[in-house]
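Chemist: Pasting input03.cif below, which is mmCIF, C-alpha atoms.
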data_upload
#
loop_
_atom_site.label_atom_id
_atom_site.label_comp_id
_atom_site.auth_asym_id
_atom_site.auth_seq_id
_atom_site.Cartn_x
_atom_site.Cartn_y
_atom_site.Cartn_z
CA MET A 1015 73.39 102.02 141.70
CA ASP A 1016 70.53 103.01 143.99
CA PHE A 1017 72.21 104.36 147.13
CA ALA A 1018 68.87 104.57 148.96
CA SER A 1019 68.67 100.76 149.11
CA ILE A 1020 72.25 100.47 150.35
CA ILE A 1021 71.76 103.21 152.93
CA GLY A 1022 68.54 101.59 154.13
CA ILE A 1023 70.16 98.18 154.63
CA LEU A 1024 73.28 99.57 156.31
CA ALA A 1025 71.28 101.88 158.58
CA GLY A 1026 68.94 99.08 159.64
CA VAL A 1027 71.76 96.64 160.36
CA LEU A 1028 73.88 99.22 162.21
CA LEU A 1029 71.01 100.45 164.37
CA ILE A 1030 70.01 96.93 165.38
CA ALA A 1031 73.65 96.00 166.00
CA TRP A 1032 74.05 99.10 168.17
CA ALA A 1033 70.93 98.24 170.15
CA ILE A 1034 72.22 94.69 170.71
CA TRP A 1035 75.71 95.75 171.71
CA SER A 1036 74.39 98.43 174.04
CA GLY A 1037 72.67 95.67 175.99
CA GLY A 1038 76.04 94.09 176.67
CA GLU A 1039 75.11 90.52 175.70
CA ALA A 1040 75.67 90.42 171.93
CA PRO A 1041 76.60 86.68 171.74
CA THR A 1042 73.16 85.86 173.16
CA PHE A 1043 71.59 87.07 169.91
CA ILE A 1044 73.57 84.63 167.77
CA SER A 1045 71.94 81.24 167.34
CA ILE A 1046 72.72 78.95 164.41
CA PRO A 1047 69.74 76.62 165.05
CA SER A 1048 67.41 79.64 165.11
CA LEU A 1049 68.80 80.84 161.77
CA ALA A 1050 68.39 77.36 160.35
CA ILE A 1051 64.73 77.27 161.37
CA THR A 1052 63.80 80.75 160.11
CA VAL A 1053 65.94 81.03 156.97
CA GLY A 1054 65.85 77.36 156.01
CA GLY A 1055 62.17 76.98 156.79
CA THR A 1056 61.22 80.09 154.82
CA ILE A 1057 63.19 79.00 151.77
CA ALA A 1058 61.87 75.44 151.95
CA ALA A 1059 58.25 76.59 152.20
CA THR A 1060 58.78 79.02 149.31
CA PHE A 1061 60.00 76.18 147.11
CA LEU A 1062 56.89 74.26 148.10
CA ALA A 1063 54.58 77.20 147.35
CA PHE A 1064 55.96 78.09 143.90
CA PRO A 1065 57.42 76.20 140.93
CA LEU A 1066 61.20 75.87 141.03
CA PRO A 1067 61.90 77.99 137.91
CA ARG A 1068 59.90 80.93 139.32
CA VAL A 1069 61.72 80.81 142.65
CA LEU A 1070 65.15 80.62 141.03
CA LYS A 1071 64.28 83.43 138.63
CA VAL A 1072 63.11 85.74 141.40
CA PHE A 1073 66.56 85.77 142.99
CA LEU A 1074 67.84 87.31 139.76
CA VAL A 1075 65.32 90.10 140.27
CA LEU A 1076 67.13 91.12 143.45
CA LYS A 1077 69.66 93.10 141.44
CA ASN A 1078 66.85 95.44 140.36
CA VAL A 1079 66.43 96.58 143.96
CA PHE A 1080 69.96 98.01 143.97
CA ARG A 1081 69.99 99.53 140.50
CA LYS A 1082 69.31 103.15 139.79
CA ASN A 1083 65.78 103.81 138.58
CA PRO A 1084 66.09 103.32 134.80
CA PHE A 1085 62.76 104.90 133.90
CA ASP A 1086 63.20 108.49 132.74
CA SER A 1087 59.81 109.78 131.66
CA GLN A 1088 61.21 113.12 130.49
CA LYS A 1089 63.63 111.42 128.11
CA ILE A 1090 60.83 109.30 126.67
CA ILE A 1091 58.67 112.39 126.15
CA ASN A 1092 61.55 114.22 124.45
CA ASP A 1093 62.13 111.25 122.15
CA LEU A 1094 58.44 111.13 121.25
CA VAL A 1095 58.42 114.85 120.47
CA GLU A 1096 61.46 114.52 118.21
CA LEU A 1097 59.96 111.53 116.43
CA SER A 1098 56.72 113.45 115.98
CA LYS A 1099 58.53 116.43 114.48
CA GLN A 1100 60.38 114.21 112.06
CA ALA A 1101 57.20 112.39 111.05
CA ARG A 1102 55.39 115.68 110.34
CA ARG A 1103 58.37 117.03 108.45
CA ASN A 1104 59.43 113.99 106.42
CA GLY A 1105 56.52 111.56 106.68
CA ILE A 1106 55.87 108.45 108.77
CA LEU A 1107 58.14 106.23 106.67
CA SER A 1108 61.14 108.42 107.56
CA LEU A 1109 60.94 107.00 111.08
CA GLU A 1110 62.05 103.57 109.90
CA ASP A 1111 65.70 104.62 109.96
CA GLN A 1112 65.26 105.92 113.51
CA THR A 1113 63.93 102.67 114.95
CA GLN A 1114 67.42 101.14 115.19
CA MET A 1115 68.54 104.05 117.35
CA ILE A 1116 65.68 103.78 119.85
CA GLN A 1117 66.85 102.12 123.08
CA ASN A 1118 63.45 101.56 124.67
CA GLN A 1119 62.20 98.31 123.14
CA PHE A 1120 58.54 99.09 123.83
CA LEU A 1121 58.80 102.43 122.02
CA LYS A 1122 60.80 100.82 119.23
CA GLY A 1123 58.11 98.19 118.66
CA GLY A 1124 55.36 100.81 118.64
CA ILE A 1125 57.11 103.02 116.09
CA GLN A 1126 57.82 99.99 113.92
CA MET A 1127 54.12 99.10 113.88
CA VAL A 1128 53.31 102.69 112.87
CA VAL A 1129 55.84 102.51 110.04
CA ASP A 1130 54.36 99.18 108.94
CA GLY A 1131 50.97 100.86 108.58
CA ASN A 1132 49.00 98.98 111.25
CA ASP A 1133 45.62 100.35 112.32
CA PRO A 1134 45.60 102.44 115.53
CA GLU A 1135 43.26 99.97 117.24
CA VAL A 1136 45.61 97.09 116.46
CA ILE A 1137 48.63 99.01 117.73
CA ARG A 1138 46.89 99.97 120.98
CA ASP A 1139 45.62 96.43 121.58
CA LEU A 1140 49.02 94.83 120.98
CA MET A 1141 50.88 97.34 123.15
CA GLU A 1142 48.35 97.06 125.97
CA ILE A 1143 48.64 93.27 125.85
CA GLU A 1144 52.40 93.63 126.23
CA MET A 1145 51.80 95.92 129.23
CA LEU A 1146 49.52 93.31 130.77
CA HIS A 1147 52.10 90.55 130.36
CA LEU A 1148 54.83 92.72 131.86
CA LYS A 1149 52.66 93.44 134.91
CA LYS A 1150 51.95 89.74 135.37
CA ARG A 1151 55.66 88.89 135.17
CA HIS A 1152 56.55 91.55 137.72
CA ASP A 1153 53.65 90.63 139.99
CA SER A 1154 55.03 87.11 140.11
CA GLY A 1155 58.29 88.29 141.67
CA GLU A 1156 56.54 90.61 144.09
CA GLN A 1157 54.20 87.82 145.18
CA ILE A 1158 57.08 85.52 146.09
CA PHE A 1159 58.68 88.13 148.33
CA LYS A 1160 55.32 88.91 149.93
CA VAL A 1161 54.82 85.22 150.70
CA MET A 1162 58.32 85.01 152.17
CA ALA A 1163 57.46 88.03 154.33
CA LYS A 1164 54.51 86.06 155.72
CA LEU A 1165 56.45 82.82 156.15
CA SER A 1166 59.51 84.12 157.99
CA PRO A 1167 57.66 85.35 161.13
CA ALA A 1168 55.67 82.11 161.15
CA PHE A 1169 58.85 80.02 161.16
CA GLY A 1170 60.23 82.34 163.81
CA MET A 1171 57.23 81.45 165.95
CA ILE A 1172 57.76 77.75 165.22
CA GLY A 1173 61.31 78.08 166.45
CA THR A 1174 60.08 79.81 169.59
CA LEU A 1175 57.62 76.99 170.27
CA ILE A 1176 60.38 74.43 169.83
CA GLY A 1177 62.51 76.37 172.30
CA LEU A 1178 59.66 76.59 174.79
CA VAL A 1179 59.07 72.85 174.64
CA THR A 1180 62.76 72.29 175.32
CA MET A 1181 62.65 74.78 178.19
CA LEU A 1182 59.62 73.10 179.79
CA GLN A 1183 61.45 69.79 179.77
CA LYS A 1184 64.13 71.34 181.99
CA LEU A 1185 61.95 73.14 184.51
CA ASP A 1186 63.48 71.05 187.29
CA ASP A 1187 66.58 73.23 186.88
CA PRO A 1188 65.50 76.90 187.37
CA SER A 1189 68.91 78.19 186.28
CA THR A 1190 68.21 77.09 182.70
CA VAL A 1191 64.86 78.84 182.34
CA GLY A 1192 66.21 82.33 181.57
CA PRO A 1193 68.80 81.31 178.94
CA SER A 1194 66.40 78.84 177.33
CA MET A 1195 63.68 81.49 177.08
CA ALA A 1196 66.16 83.91 175.48
CA VAL A 1197 67.14 81.38 172.83
CA ALA A 1198 63.50 80.53 172.20
CA LEU A 1199 62.63 84.18 171.51
CA ILE A 1200 65.58 84.75 169.17
CA THR A 1201 63.86 82.85 166.36
CA THR A 1202 60.89 85.23 166.55
CA LEU A 1203 63.35 88.13 166.36
CA TYR A 1204 65.04 86.63 163.30
CA GLY A 1205 61.72 86.05 161.56
CA SER A 1206 60.50 89.59 162.21
CA MET A 1207 63.78 91.09 161.01
CA MET A 1208 63.71 89.06 157.80
CA ALA A 1209 60.15 90.08 157.04
CA ASN A 1210 60.38 93.78 157.89
CA MET A 1211 63.97 94.55 156.89
CA VAL A 1212 64.28 92.40 153.77
CA PHE A 1213 61.22 90.84 152.16
CA ILE A 1214 58.56 93.55 152.61
CA PRO A 1215 60.86 96.43 151.49
CA ILE A 1216 61.99 94.43 148.45
CA ALA A 1217 58.39 93.65 147.45
CA ASN A 1218 57.43 97.32 147.85
CA LYS A 1219 60.35 98.55 145.77
CA LEU A 1220 59.62 96.07 142.97
CA ALA A 1221 55.98 97.20 142.99
CA LEU A 1222 57.12 100.84 142.75
CA PHE A 1223 59.33 100.05 139.76
CA THR A 1224 56.45 98.20 138.10
CA ASP A 1225 54.09 101.16 138.54
CA GLU A 1226 56.66 103.57 137.12
CA GLU A 1227 57.34 101.34 134.12
CA LEU A 1228 53.60 100.99 133.41
CA ILE A 1229 53.22 104.78 133.48
CA ILE A 1230 56.07 105.11 130.98
CA MET A 1231 54.46 102.50 128.74
CA SER A 1232 51.14 104.36 128.87
CA ILE A 1233 52.90 107.55 127.81
CA ILE A 1234 54.55 105.69 124.94
CA ILE A 1235 51.25 104.24 123.71
CA GLU A 1236 49.59 107.66 123.58
CA GLY A 1237 52.69 109.20 122.01
CA VAL A 1238 52.97 106.55 119.31
CA LEU A 1239 49.29 106.87 118.40
CA GLY A 1240 49.64 110.66 118.41
CA ILE A 1241 52.55 110.40 115.97
CA GLN A 1242 50.51 108.14 113.72
CA ALA A 1243 47.57 110.56 113.83
CA GLY A 1244 49.82 113.50 112.95
CA MET A 1245 49.11 115.38 116.16
CA ASN A 1246 51.06 118.54 116.91
CA PRO A 1247 54.29 117.60 118.75
CA THR A 1248 53.56 120.12 121.51
#
Mind turning the file's structure into structure tokens?
Modeler:
Amino acid sequence: MDFASIIGILAGVLLIAWAIWSGGEAPTFISIPSLAITVGGTIAATFLAFPLPRVLKVFLVLKNVFRKNPFDSQKIINDLVELSKQARRNGILSLEDQTQMIQNQFLKGGIQMVVDGNDPEVIRDLMEIEMLHLKKRHDSGEQIFKVMAKLSPAFGMIGTLIGLVTMLQKLDDPSTVGPSMAVALITTLYGSMMANMVFIPIANKLALFTDEELIIMSIIIEGVLGIQAGMNPT
């Protein structure tokens, strides 16, 4: 569990809640129609912008934001060093028994190709293609959250315009102008909060995880080719 994500969400919510309550009019900031416009509109437009399977799949990616960073570069390097020592000591074919014990599937596939006797160029090409496909898959999820970050403030503004139109229709009663203006601006607040507290941070964190995983995969490619070439483990 990544406590930084949990702390960030709780801190953001608590600070905004404190700011609202300190103003003394907390119920004013609660508006179901405004939530319907911002949240519902953002989700509806996202379904329009992307195919249904991609949108549904991206919600499964949300769990990655709250998980502990699974990419341990030092462990991967240690595994590569041990595999290299064994290959120099007992030969490349001795690594075949070790492949079943390797947890990282990318490393496991690379070692298996070495054991199978594939050319270094073929191994590098295949592993780099797998890296490319992984980046494209991850970019897809990041893109959806980035689009939602753009849509939510826009729908907040749409809600504000709807509220302003309603307010202008009641200008003959000055007592309604203040409350109507407050409700109109709430949708903009909701949209900005959704974008800056939820969607943009999620997209950034997914991009960070992608970069870290690509670095690990690059290390694995060079390590696997080094093992095949018989390079010194150090």
Chemist: List as a list in words the protein and nucleic acid residues near A:Ile1091, meaning an atom at most 9 Å away when only C-alpha atoms are counted, but skip any in the same chain fewer than 6 places from it.
Modeler: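 Once the adjacent positions are removed, what remains is Ile1233, Ile1234 and Gly1237 of chain A.
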Chemist: Go ahead and compute the interatomic distance for atom CA of A:Val1027 and atom CA of A:Met1211, in Å to one decimal.
Modeler: 8.8 Å
Chemist: Record the distance separating atom CA of A:Val1095 and atom CA of A:Met1145, expressed in Å with one decimal.
Modeler: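 Separation of atom CA of A:Val1095 and atom CA of A:Met1145: 21.9 Å.
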Chemist: Counting only C-alpha atoms, which residue out of A:Leu1074, A:Ala1163, A:Val1197, A:Val1128 sits closest to A:Leu1175?
Modeler: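 Ranked by minimum distance to A:Leu1175, first place goes to A:Val1197.
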Chemist: Taking all atoms listed in the file into account, which of A:Arg1102, A:Lys1184, A:Lys1089, A:Lys1160 comes nearest A:Thr1060?
Modeler: A:Lys1160
Chemist: Pick from A:Phe1169, A:Trp1035, A:Phe1223, A:Phe1080: nearest to A:Ile1051, with only C-alpha atoms counted?
Modeler: A:Phe1169
